[in-house]
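**Q** Quick one, run.cif (mmCIF, C-alpha atoms):
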data_model
#
loop_
_atom_site.group_PDB
_atom_site.id
_atom_site.type_symbol
_atom_site.label_atom_id
_atom_site.label_comp_id
_atom_site.auth_asym_id
_atom_site.auth_seq_id
_atom_site.Cartn_x
_atom_site.Cartn_y
_atom_site.Cartn_z
ATOM 1 C CA MET A 14 0.000 0.000 0.000
ATOM 2 C CA GLU A 15 1.610 3.205 -1.215
ATOM 3 C CA GLU A 16 0.739 6.728 -0.057
ATOM 4 C CA ILE A 17 -0.282 9.273 -2.679
ATOM 5 C CA PRO A 18 1.246 12.713 -2.016
ATOM 6 C CA GLU A 19 -1.182 15.585 -1.504
ATOM 7 C CA GLU A 20 -0.291 17.289 -4.766
ATOM 8 C CA GLU A 21 -1.163 14.158 -6.732
ATOM 9 C CA CYS A 22 -4.345 13.712 -4.677
ATOM 10 C CA LEU A 23 -5.419 17.181 -5.809
ATOM 11 C CA GLU A 24 -4.718 16.307 -9.454
ATOM 12 C CA ILE A 25 -6.799 13.145 -9.162
ATOM 13 C CA LEU A 26 -9.605 15.056 -7.463
ATOM 14 C CA ASP A 27 -9.519 17.578 -10.294
ATOM 15 C CA GLN A 28 -10.003 14.865 -12.914
ATOM 16 C CA ARG A 29 -13.149 13.395 -11.394
ATOM 17 C CA SER A 30 -16.622 14.640 -10.612
ATOM 18 C CA LEU A 31 -18.331 11.939 -8.545
ATOM 19 C CA GLY A 32 -17.476 11.172 -4.924
ATOM 20 C CA ARG A 33 -19.040 10.662 -1.530
ATOM 21 C CA ILE A 34 -19.442 12.817 1.535
ATOM 22 C CA ALA A 35 -19.745 11.422 5.060
ATOM 23 C CA VAL A 36 -21.678 13.518 7.545
ATOM 24 C CA VAL A 37 -22.151 12.656 11.223
ATOM 25 C CA VAL A 38 -25.735 12.895 12.489
ATOM 26 C CA GLU A 39 -25.947 12.438 16.269
ATOM 27 C CA GLY A 40 -22.886 10.209 16.302
ATOM 28 C CA GLN A 41 -24.062 8.166 13.319
ATOM 29 C CA PRO A 42 -22.028 8.660 10.131
ATOM 30 C CA GLN A 43 -23.988 8.678 6.882
ATOM 31 C CA ILE A 44 -22.495 8.496 3.378
ATOM 32 C CA PHE A 45 -24.008 10.218 0.324
ATOM 33 C CA PRO A 46 -22.794 10.090 -3.272
ATOM 34 C CA VAL A 47 -22.326 13.612 -4.641
ATOM 35 C CA ASN A 48 -21.055 15.378 -7.692
ATOM 36 C CA TYR A 49 -18.319 17.798 -6.809
ATOM 37 C CA ALA A 50 -15.732 20.153 -8.200
ATOM 38 C CA ILE A 51 -12.497 21.318 -6.660
ATOM 39 C CA ASN A 52 -10.977 24.783 -6.637
ATOM 40 C CA GLN A 53 -7.982 25.979 -4.601
ATOM 41 C CA ARG A 54 -8.097 22.847 -2.423
ATOM 42 C CA ILE A 55 -11.786 23.477 -1.625
ATOM 43 C CA VAL A 56 -14.259 20.702 -2.446
ATOM 44 C CA ALA A 57 -17.539 22.227 -3.646
ATOM 45 C CA ILE A 58 -20.872 20.422 -3.653
ATOM 46 C CA ARG A 59 -24.369 21.583 -4.497
ATOM 47 C CA SER A 60 -27.150 20.467 -2.215
ATOM 48 C CA GLY A 61 -30.870 20.639 -1.689
ATOM 49 C CA ALA A 62 -32.392 20.983 1.754
ATOM 50 C CA GLY A 63 -31.825 17.773 3.714
ATOM 51 C CA THR A 64 -29.395 15.845 5.883
ATOM 52 C CA LYS A 65 -26.213 17.186 4.288
ATOM 53 C CA LEU A 66 -27.282 20.810 4.524
ATOM 54 C CA SER A 67 -28.714 20.586 8.024
ATOM 55 C CA HIS A 68 -25.826 18.628 9.573
ATOM 56 C CA ALA A 69 -22.664 19.386 7.623
ATOM 57 C CA PRO A 70 -22.034 23.133 8.040
ATOM 58 C CA GLY A 71 -19.651 23.837 10.904
ATOM 59 C CA SER A 72 -19.006 20.121 11.409
ATOM 60 C CA LYS A 73 -16.254 17.703 10.526
ATOM 61 C CA VAL A 74 -17.014 15.833 7.311
ATOM 62 C CA CYS A 75 -15.146 13.515 4.991
ATOM 63 C CA PHE A 76 -15.108 13.443 1.228
ATOM 64 C CA GLU A 77 -13.780 10.444 -0.664
ATOM 65 C CA ILE A 78 -13.222 9.137 -4.180
ATOM 66 C CA ASP A 79 -11.889 5.743 -5.133
ATOM 67 C CA GLU A 80 -11.445 3.382 -8.040
ATOM 68 C CA TYR A 81 -10.546 -0.242 -8.509
ATOM 69 C CA ASP A 82 -9.535 -1.548 -11.910
ATOM 70 C CA SER A 83 -9.993 -5.305 -11.660
ATOM 71 C CA SER A 84 -8.191 -6.028 -14.949
ATOM 72 C CA GLY A 85 -5.026 -4.195 -13.940
ATOM 73 C CA GLY A 86 -5.431 -4.959 -10.239
ATOM 74 C CA VAL A 87 -4.822 -1.347 -9.281
ATOM 75 C CA GLY A 88 -6.894 0.350 -6.597
ATOM 76 C CA TRP A 89 -6.672 3.775 -5.054
ATOM 77 C CA SER A 90 -8.597 6.162 -2.851
ATOM 78 C CA VAL A 91 -8.311 9.832 -1.991
ATOM 79 C CA MET A 92 -9.805 11.225 1.211
ATOM 80 C CA VAL A 93 -10.398 14.846 2.165
ATOM 81 C CA GLN A 94 -11.056 15.453 5.850
ATOM 82 C CA GLY A 95 -12.204 18.860 6.973
ATOM 83 C CA ILE A 96 -14.911 21.249 8.056
ATOM 84 C CA ALA A 97 -17.993 21.880 5.962
ATOM 85 C CA VAL A 98 -19.070 25.442 5.276
ATOM 86 C CA ASP A 99 -22.423 26.625 3.962
ATOM 87 C CA ALA A 100 -21.035 28.535 1.003
ATOM 88 C CA THR A 101 -24.391 29.504 -0.483
ATOM 89 C CA ASP A 102 -24.025 33.222 0.017
ATOM 90 C CA ALA A 103 -21.136 33.846 2.414
ATOM 91 C CA PHE A 104 -18.287 36.163 1.401
ATOM 92 C CA ASP A 105 -15.293 34.368 2.931
ATOM 93 C CA ASP A 106 -12.517 32.984 0.705
ATOM 94 C CA VAL A 107 -13.658 29.371 1.092
ATOM 95 C CA SER A 108 -17.193 30.204 -0.042
ATOM 96 C CA TRP A 109 -15.932 32.226 -3.018
ATOM 97 C CA ALA A 110 -13.665 29.382 -4.077
ATOM 98 C CA ALA A 111 -16.536 26.915 -3.797
ATOM 99 C CA ARG A 112 -18.930 29.015 -5.848
ATOM 100 C CA ALA A 113 -16.267 29.594 -8.509
ATOM 101 C CA ALA A 114 -15.963 25.819 -8.937
ATOM 102 C CA ALA A 115 -18.602 24.221 -11.106
ATOM 103 C CA PRO A 116 -19.986 21.004 -9.679
ATOM 104 C CA TRP A 117 -22.667 19.654 -11.967
ATOM 105 C CA PRO A 118 -25.121 17.396 -10.135
ATOM 106 C CA VAL A 119 -26.461 14.544 -12.243
ATOM 107 C CA ALA A 120 -29.138 13.687 -9.683
ATOM 108 C CA PRO A 121 -32.449 15.464 -10.169
ATOM 109 C CA GLY A 122 -33.930 17.943 -7.712
ATOM 110 C CA VAL A 123 -33.347 21.617 -7.012
ATOM 111 C CA LYS A 124 -29.985 22.157 -5.328
ATOM 112 C CA PRO A 125 -29.849 25.840 -4.490
ATOM 113 C CA PHE A 126 -27.278 25.518 -1.699
ATOM 114 C CA TRP A 127 -23.504 25.263 -1.859
ATOM 115 C CA LEU A 128 -21.444 23.253 0.553
ATOM 116 C CA ALA A 129 -17.688 23.730 0.736
ATOM 117 C CA ILE A 130 -15.209 21.516 2.505
ATOM 118 C CA GLU A 131 -12.210 23.336 3.926
ATOM 119 C CA PRO A 132 -9.651 20.547 4.154
ATOM 120 C CA SER A 133 -7.600 19.834 7.242
ATOM 121 C CA LYS A 134 -6.034 16.781 5.605
ATOM 122 C CA ILE A 135 -5.847 15.387 2.067
ATOM 123 C CA THR A 136 -4.511 11.853 1.827
ATOM 124 C CA GLY A 137 -4.454 9.061 -0.689
ATOM 125 C CA ARG A 138 -3.492 5.415 -0.936
ATOM 126 C CA ARG A 139 -2.833 3.155 -3.882
ATOM 127 C CA PHE A 140 -2.080 -0.510 -4.288
ATOM 128 C CA ARG A 141 -1.278 -2.910 -7.070
ATOM 129 C CA ARG A 142 -2.478 -6.436 -6.564
ATOM 130 C CA ARG A 143 0.138 -9.144 -6.921
ATOM 131 C CA ALA A 144 -0.472 -11.474 -9.843
ATOM 132 C CA MET B 2 -35.481 10.291 -6.419
ATOM 133 C CA GLU B 3 -37.040 6.947 -5.605
ATOM 134 C CA GLU B 4 -36.513 4.934 -2.419
ATOM 135 C CA ILE B 5 -35.256 1.375 -2.734
ATOM 136 C CA PRO B 6 -37.039 -0.998 -0.318
ATOM 137 C CA GLU B 7 -34.857 -2.826 2.198
ATOM 138 C CA GLU B 8 -35.362 -6.223 0.599
ATOM 139 C CA GLU B 9 -34.067 -4.937 -2.732
ATOM 140 C CA CYS B 10 -31.179 -3.145 -0.961
ATOM 141 C CA LEU B 11 -30.132 -6.521 0.458
ATOM 142 C CA GLU B 12 -30.267 -8.115 -3.007
ATOM 143 C CA ILE B 13 -28.102 -5.337 -4.438
ATOM 144 C CA LEU B 14 -25.655 -5.664 -1.534
ATOM 145 C CA ASP B 15 -25.474 -9.400 -2.192
ATOM 146 C CA GLN B 16 -24.492 -8.857 -5.828
ATOM 147 C CA ARG B 17 -21.519 -6.608 -5.108
ATOM 148 C CA SER B 18 -18.261 -6.934 -3.240
ATOM 149 C CA LEU B 19 -16.728 -3.459 -3.066
ATOM 150 C CA GLY B 20 -18.047 -0.665 -0.860
ATOM 151 C CA ARG B 21 -16.947 1.911 1.673
ATOM 152 C CA ILE B 22 -17.101 2.135 5.425
ATOM 153 C CA ALA B 23 -17.224 5.412 7.346
ATOM 154 C CA VAL B 24 -15.769 5.399 10.839
ATOM 155 C CA VAL B 25 -15.776 8.366 13.218
ATOM 156 C CA VAL B 26 -12.424 9.133 14.857
ATOM 157 C CA GLU B 27 -12.718 11.836 17.529
ATOM 158 C CA GLY B 28 -15.639 13.462 15.752
ATOM 159 C CA GLN B 29 -13.955 13.270 12.343
ATOM 160 C CA PRO B 30 -15.539 10.819 9.887
ATOM 161 C CA GLN B 31 -13.145 8.892 7.666
ATOM 162 C CA ILE B 32 -14.112 6.803 4.627
ATOM 163 C CA PHE B 33 -12.270 3.656 3.547
ATOM 164 C CA PRO B 34 -12.959 1.473 0.501
ATOM 165 C CA VAL B 35 -13.406 -2.160 1.544
ATOM 166 C CA ASN B 36 -14.318 -5.494 0.095
ATOM 167 C CA TYR B 37 -17.281 -6.988 1.879
ATOM 168 C CA ALA B 38 -19.747 -9.822 1.889
ATOM 169 C CA ILE B 39 -23.237 -9.947 3.345
ATOM 170 C CA ASN B 40 -24.909 -12.735 5.290
ATOM 171 C CA GLN B 41 -28.202 -12.544 7.183
ATOM 172 C CA ARG B 42 -28.252 -8.722 6.942
ATOM 173 C CA ILE B 43 -24.749 -8.566 8.470
ATOM 174 C CA VAL B 44 -22.046 -6.774 6.489
ATOM 175 C CA ALA B 45 -18.715 -8.557 6.958
ATOM 176 C CA ILE B 46 -15.320 -6.981 6.316
ATOM 177 C CA ARG B 47 -11.810 -8.246 6.871
ATOM 178 C CA SER B 48 -9.320 -5.831 8.341
ATOM 179 C CA GLY B 49 -5.727 -5.464 9.372
ATOM 180 C CA ALA B 50 -4.735 -3.537 12.475
ATOM 181 C CA GLY B 51 -5.400 0.165 11.945
ATOM 182 C CA THR B 52 -8.010 2.917 12.087
ATOM 183 C CA LYS B 53 -10.984 0.711 11.237
ATOM 184 C CA LEU B 54 -10.158 -1.932 13.792
ATOM 185 C CA SER B 55 -9.227 0.474 16.567
ATOM 186 C CA HIS B 56 -12.195 2.835 16.157
ATOM 187 C CA ALA B 57 -15.091 0.877 14.646
ATOM 188 C CA PRO B 58 -15.962 -1.844 17.188
ATOM 189 C CA GLY B 59 -18.754 -0.740 19.519
ATOM 190 C CA SER B 60 -19.278 2.456 17.528
ATOM 191 C CA LYS B 61 -21.759 3.688 14.950
ATOM 192 C CA VAL B 62 -20.465 3.204 11.425
ATOM 193 C CA CYS B 63 -21.866 3.509 7.936
ATOM 194 C CA PHE B 64 -21.372 1.244 4.963
ATOM 195 C CA GLU B 65 -22.270 2.366 1.456
ATOM 196 C CA ILE B 66 -22.250 1.188 -2.138
ATOM 197 C CA ASP B 67 -23.276 3.206 -5.171
ATOM 198 C CA GLU B 68 -23.170 3.251 -8.935
ATOM 199 C CA TYR B 69 -23.815 5.751 -11.686
ATOM 200 C CA ASP B 70 -24.286 4.640 -15.253
ATOM 201 C CA SER B 71 -23.690 7.762 -17.294
ATOM 202 C CA SER B 72 -24.965 6.225 -20.560
ATOM 203 C CA GLY B 73 -28.322 5.238 -19.065
ATOM 204 C CA GLY B 74 -28.407 8.151 -16.639
ATOM 205 C CA VAL B 75 -29.327 5.869 -13.756
ATOM 206 C CA GLY B 76 -27.729 6.286 -10.338
ATOM 207 C CA TRP B 77 -28.356 4.540 -7.049
ATOM 208 C CA SER B 78 -26.868 4.123 -3.611
ATOM 209 C CA VAL B 79 -27.459 1.754 -0.712
ATOM 210 C CA MET B 80 -26.496 2.715 2.832
ATOM 211 C CA VAL B 81 -26.229 0.484 5.896
ATOM 212 C CA GLN B 82 -26.125 2.304 9.216
ATOM 213 C CA GLY B 83 -25.323 0.379 12.347
ATOM 214 C CA ILE B 84 -22.920 -0.687 15.037
ATOM 215 C CA ALA B 85 -19.608 -2.329 14.243
ATOM 216 C CA VAL B 86 -18.618 -5.500 16.056
ATOM 217 C CA ASP B 87 -15.168 -7.081 16.254
ATOM 218 C CA ALA B 88 -16.217 -10.485 14.950
ATOM 219 C CA THR B 89 -12.734 -12.002 14.863
ATOM 220 C CA ASP B 90 -13.350 -14.635 17.496
ATOM 221 C CA ALA B 91 -16.579 -13.778 19.338
ATOM 222 C CA PHE B 92 -19.363 -16.357 19.579
ATOM 223 C CA ASP B 93 -22.440 -14.165 19.226
ATOM 224 C CA ASP B 94 -24.809 -14.568 16.261
ATOM 225 C CA VAL B 95 -23.557 -11.458 14.489
ATOM 226 C CA SER B 96 -19.947 -12.632 14.625
ATOM 227 C CA TRP B 97 -20.862 -16.107 13.393
ATOM 228 C CA ALA B 98 -22.834 -14.638 10.497
ATOM 229 C CA ALA B 99 -19.897 -12.394 9.602
ATOM 230 C CA ARG B 100 -17.338 -15.179 9.638
ATOM 231 C CA ALA B 101 -19.638 -17.407 7.559
ATOM 232 C CA ALA B 102 -19.684 -14.714 4.861
ATOM 233 C CA ALA B 103 -16.692 -14.691 2.581
ATOM 234 C CA PRO B 104 -15.372 -11.213 1.883
ATOM 235 C CA TRP B 105 -12.333 -11.419 -0.340
ATOM 236 C CA PRO B 106 -10.052 -8.402 0.028
ATOM 237 C CA VAL B 107 -8.283 -7.393 -3.166
ATOM 238 C CA ALA B 108 -5.956 -5.005 -1.339
ATOM 239 C CA PRO B 109 -2.704 -6.524 -0.143
ATOM 240 C CA GLY B 110 -1.708 -6.903 3.491
ATOM 241 C CA VAL B 111 -2.552 -9.363 6.225
ATOM 242 C CA LYS B 112 -6.150 -8.938 7.377
ATOM 243 C CA PRO B 113 -6.590 -11.315 10.279
ATOM 244 C CA PHE B 114 -9.526 -9.463 11.878
ATOM 245 C CA TRP B 115 -13.217 -9.544 11.059
ATOM 246 C CA LEU B 116 -15.495 -6.567 11.390
ATOM 247 C CA ALA B 117 -19.249 -7.015 11.296
ATOM 248 C CA ILE B 118 -21.842 -4.303 10.944
ATOM 249 C CA GLU B 119 -25.091 -5.010 12.748
ATOM 250 C CA PRO B 120 -27.515 -2.806 10.844
ATOM 251 C CA SER B 121 -29.955 -0.439 12.490
ATOM 252 C CA LYS B 122 -31.115 0.882 9.134
ATOM 253 C CA ILE B 123 -30.728 -0.223 5.507
ATOM 254 C CA THR B 124 -31.845 2.337 2.960
ATOM 255 C CA GLY B 125 -31.415 2.989 -0.732
ATOM 256 C CA ARG B 126 -32.133 5.641 -3.308
ATOM 257 C CA ARG B 127 -32.268 5.575 -7.079
ATOM 258 C CA PHE B 128 -32.786 8.153 -9.770
ATOM 259 C CA ARG B 129 -33.078 8.280 -13.503
ATOM 260 C CA ARG B 130 -31.771 11.403 -15.098
ATOM 261 C CA ARG B 131 -34.189 13.199 -17.409
ATOM 262 C CA ALA B 132 -33.088 13.230 -21.042
#
Give the structure from the file, written as structure tokens.
**A**
Amino acid sequence: MEEIPEEECLEILDQRSLGRIAVVVEGQPQIFPVNYAINQRIVAIRSGAGTKLSHAPGSKVCFEIDEYDSSGGVGWSVMVQGIAVDATDAFDDVSWAARAAAPWPVAPGVKPFWLAIEPSKITGRRFRRRA
Amino acid sequence: MEEIPEEECLEILDQRSLGRIAVVVEGQPQIFPVNYAINQRIVAIRSGAGTKLSHAPGSKVCFEIDEYDSSGGVGWSVMVQGIAVDATDAFDDVSWAARAAAPWPVAPGVKPFWLAIEPSKITGRRFRRRA
């Protein structure tokens, strides 16, 4: 198992658009698939009203992407740990960066809110399966 | 967005082998990709020593699988919320069910421990993107 340096994690994050966010609701983590975009290390997500919007802002959340290619036997994951910010109409740098990114949700439903994740830690791991 | 009934969630879980577990470490959720198997509603995972093993047992965790087919525009996710149990050598029903399942980790490394998730809630959602 090899560690992926932060700079490469950011490149990988920049090349994808579908990940998952984990939010803790009264001690119980919940995981939701989300489309995202990244800008200046900030992960930006659009959201409707619901669990993510009511529990994420101001709290510790986790964002993750991963892939496993069974033919090549290569797997990797990138994890962003940090604090979620309701970036819908705030004027701080994190919120600006989030709104300047362009996440494009494929799921239906009105998503008028922006969530940003201000990372405390960006880590990645990769492995190659032995033949 | 359509809800997937629990029975169908269990069928979908049974057909896959790669998901993610979220574990909360001092208030900070972390997400790890894992191979799993399911038996009698119990999600079974094999683990080495590390974050999952030291923080999951006795705590609330979340397990999730998802898929998005961009050609058909169909996306879904299934989420198992519950309590993790160190099932390595305990004799309770949950641990037996976990050890009788056969998760096959593709990642390298010795994984001598078994984690089981005793579900409190199994939910799923599906959508079809409008053309």
**Q** Do you have the atom CA of Ala113 of chain A-atom CA of Arg131 of chain B distance handy?
**A** 25.9 Å
**Q** For this structure, which residues satisfy the selection - the PyMOL selection byres ((chain B) within 6 of (chain A)) - when it is evaluated on the file as given? I want them as a list in words.
**A**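 This file gives the following for the PyMOL selection byres ((chain B) within 6 of (chain A)): Gln29, Pro30, Gln31, Lys61, Val62 and Cys63 of chain B.
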**Q** Record the distance separating atom CA of Arg59 of chain A and atom CA of Val47 of chain A, expressed in Å with one decimal.
**A**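 Separating atom CA of Arg59 of chain A from atom CA of Val47 of chain A is a distance of 8.2 Å.
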**Q** Using only C-alpha atoms, which residues sit within 8 Å of Ala62 of chain A once same-chain residues fewer than 3 positions away are excluded, as a list of chain:residue names?
**A** A:Lys65, A:Leu66, A:Ser67, A:Lys124, A:Phe126
**Q** Generate the output file for the selected residues, C-alpha atoms, as a PDB file, keeping the file's coordinate frame.
**A**
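Output contents, as saved in selection_5.pdb:
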ATOM      1  CA  LYS A  65     -26.213  17.186   4.288  1.00  0.00           C
ATOM      2  CA  LEU A  66     -27.282  20.810   4.524  1.00  0.00           C
ATOM      3  CA  SER A  67     -28.714  20.586   8.024  1.00  0.00           C
ATOM      4  CA  LYS A 124     -29.985  22.157  -5.328  1.00  0.00           C
ATOM      5  CA  PHE A 126     -27.278  25.518  -1.699  1.00  0.00           C
TER       6      PHE A 126
END
**Q** Taking all atoms listed in the file into account, which of A:Ala50, A:Ile58, A:Asp105, A:Arg112 comes nearest Leu128 of chain A?
**A**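 Checking each of A:Ala50, A:Ile58, A:Asp105, A:Arg112 against Leu128 of chain A, counting all atoms listed in the file, the winner is A:Ile58.
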**Q** Nearest to Arg54 of chain A: which of A:Ile17, A:Ile130, A:Ala69, A:Ile25 is it, counting all atoms listed in the file?
**A**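 The closest residue to Arg54 of chain A is A:Ile130.
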**Q** Have a look at atom CA of Ser48 of chain B and atom CA of Val111 of chain B and let me know their distance in Å, one decimal.
**A**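 Answer for the atom CA of Ser48 of chain B to atom CA of Val111 of chain B separation: 7.9 Å.
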**Q** Just want the 10 Å neighbourhood of Asn40 of chain B, counted on all atoms listed in the file, with same-chain residues fewer than 3 positions away dropped. Output as number ranges by chain.
**A** B: 11, 14-15, 43-45, 95, 97-103
**Q** Would you please work out which residue, of A:Thr101, A:Gln28, A:Gln53, A:Thr136, is nearest to Pro70 of chain A when using all atoms listed in the file?
**A** A:Thr101
**Q** Write segment 13-34 of chain B as a short mmCIF file (atom, residue, chain, number, x, y, z; two decimals), in the frame of the given file, completed to N, CA, C and O atoms.
**A**
data_model
loop_
_atom_site.label_atom_id
_atom_site.label_comp_id
_atom_site.auth_asym_id
_atom_site.auth_seq_id
_atom_site.Cartn_x
_atom_site.Cartn_y
_atom_site.Cartn_z
N ILE B 13 -29.18 -6.09 -3.77
CA ILE B 13 -28.10 -5.34 -4.44
C ILE B 13 -26.78 -5.53 -3.68
O ILE B 13 -25.73 -5.77 -4.27
N LEU B 14 -26.86 -5.46 -2.35
CA LEU B 14 -25.66 -5.66 -1.53
C LEU B 14 -25.05 -7.04 -1.80
O LEU B 14 -23.83 -7.21 -1.86
N ASP B 15 -25.93 -8.02 -1.99
CA ASP B 15 -25.47 -9.40 -2.19
C ASP B 15 -24.76 -9.58 -3.54
O ASP B 15 -23.97 -10.50 -3.70
N GLN B 16 -25.07 -8.71 -4.48
CA GLN B 16 -24.49 -8.86 -5.83
C GLN B 16 -23.16 -8.14 -5.99
O GLN B 16 -22.55 -8.21 -7.05
N ARG B 17 -22.76 -7.38 -4.99
CA ARG B 17 -21.52 -6.61 -5.11
C ARG B 17 -20.51 -7.08 -4.09
O ARG B 17 -20.82 -7.83 -3.18
N SER B 18 -19.29 -6.54 -4.21
CA SER B 18 -18.26 -6.93 -3.24
C SER B 18 -17.36 -5.78 -2.82
O SER B 18 -16.49 -5.95 -1.97
N LEU B 19 -17.59 -4.59 -3.39
CA LEU B 19 -16.73 -3.46 -3.07
C LEU B 19 -17.58 -2.28 -2.59
O LEU B 19 -18.48 -1.84 -3.31
N GLY B 20 -17.30 -1.80 -1.40
CA GLY B 20 -18.05 -0.66 -0.86
C GLY B 20 -17.14 0.21 -0.04
O GLY B 20 -15.91 0.16 -0.18
N ARG B 21 -17.74 1.03 0.82
CA ARG B 21 -16.95 1.91 1.67
C ARG B 21 -17.54 1.92 3.06
O ARG B 21 -18.75 1.88 3.22
N ILE B 22 -16.65 2.01 4.04
CA ILE B 22 -17.10 2.13 5.42
C ILE B 22 -16.67 3.50 5.94
O ILE B 22 -15.56 3.96 5.65
N ALA B 23 -17.57 4.16 6.67
CA ALA B 23 -17.22 5.41 7.35
C ALA B 23 -17.15 5.14 8.84
O ALA B 23 -18.06 4.55 9.42
N VAL B 24 -16.05 5.58 9.42
CA VAL B 24 -15.77 5.40 10.84
C VAL B 24 -15.51 6.79 11.41
O VAL B 24 -14.89 7.62 10.75
N VAL B 25 -15.99 7.05 12.62
CA VAL B 25 -15.78 8.37 13.22
C VAL B 25 -14.62 8.28 14.21
O VAL B 25 -14.64 7.47 15.13
N VAL B 26 -13.60 9.11 13.99
CA VAL B 26 -12.42 9.13 14.86
C VAL B 26 -12.37 10.51 15.52
O VAL B 26 -12.07 11.50 14.86
N GLU B 27 -12.67 10.57 16.80
CA GLU B 27 -12.72 11.84 17.53
C GLU B 27 -13.52 12.90 16.79
O GLU B 27 -13.05 14.01 16.54
N GLY B 28 -14.73 12.52 16.41
CA GLY B 28 -15.64 13.46 15.75
C GLY B 28 -15.41 13.63 14.26
O GLY B 28 -16.22 14.26 13.58
N GLN B 29 -14.30 13.11 13.76
CA GLN B 29 -13.96 13.27 12.34
C GLN B 29 -14.28 11.99 11.58
O GLN B 29 -13.62 10.96 11.78
N PRO B 30 -15.29 12.02 10.69
CA PRO B 30 -15.54 10.82 9.89
C PRO B 30 -14.41 10.57 8.91
O PRO B 30 -13.78 11.50 8.40
N GLN B 31 -14.12 9.29 8.68
CA GLN B 31 -13.14 8.89 7.67
C GLN B 31 -13.79 7.80 6.84
O GLN B 31 -14.54 6.98 7.36
N ILE B 32 -13.50 7.78 5.54
CA ILE B 32 -14.11 6.80 4.63
C ILE B 32 -13.02 5.92 4.04
O ILE B 32 -12.02 6.42 3.53
N PHE B 33 -13.23 4.60 4.11
CA PHE B 33 -12.27 3.66 3.55
C PHE B 33 -12.97 2.69 2.59
O PHE B 33 -13.98 2.10 2.96
N PRO B 34 -12.42 2.51 1.39
CA PRO B 34 -12.96 1.47 0.50
C PRO B 34 -12.65 0.09 1.09
O PRO B 34 -11.54 -0.12 1.61
#
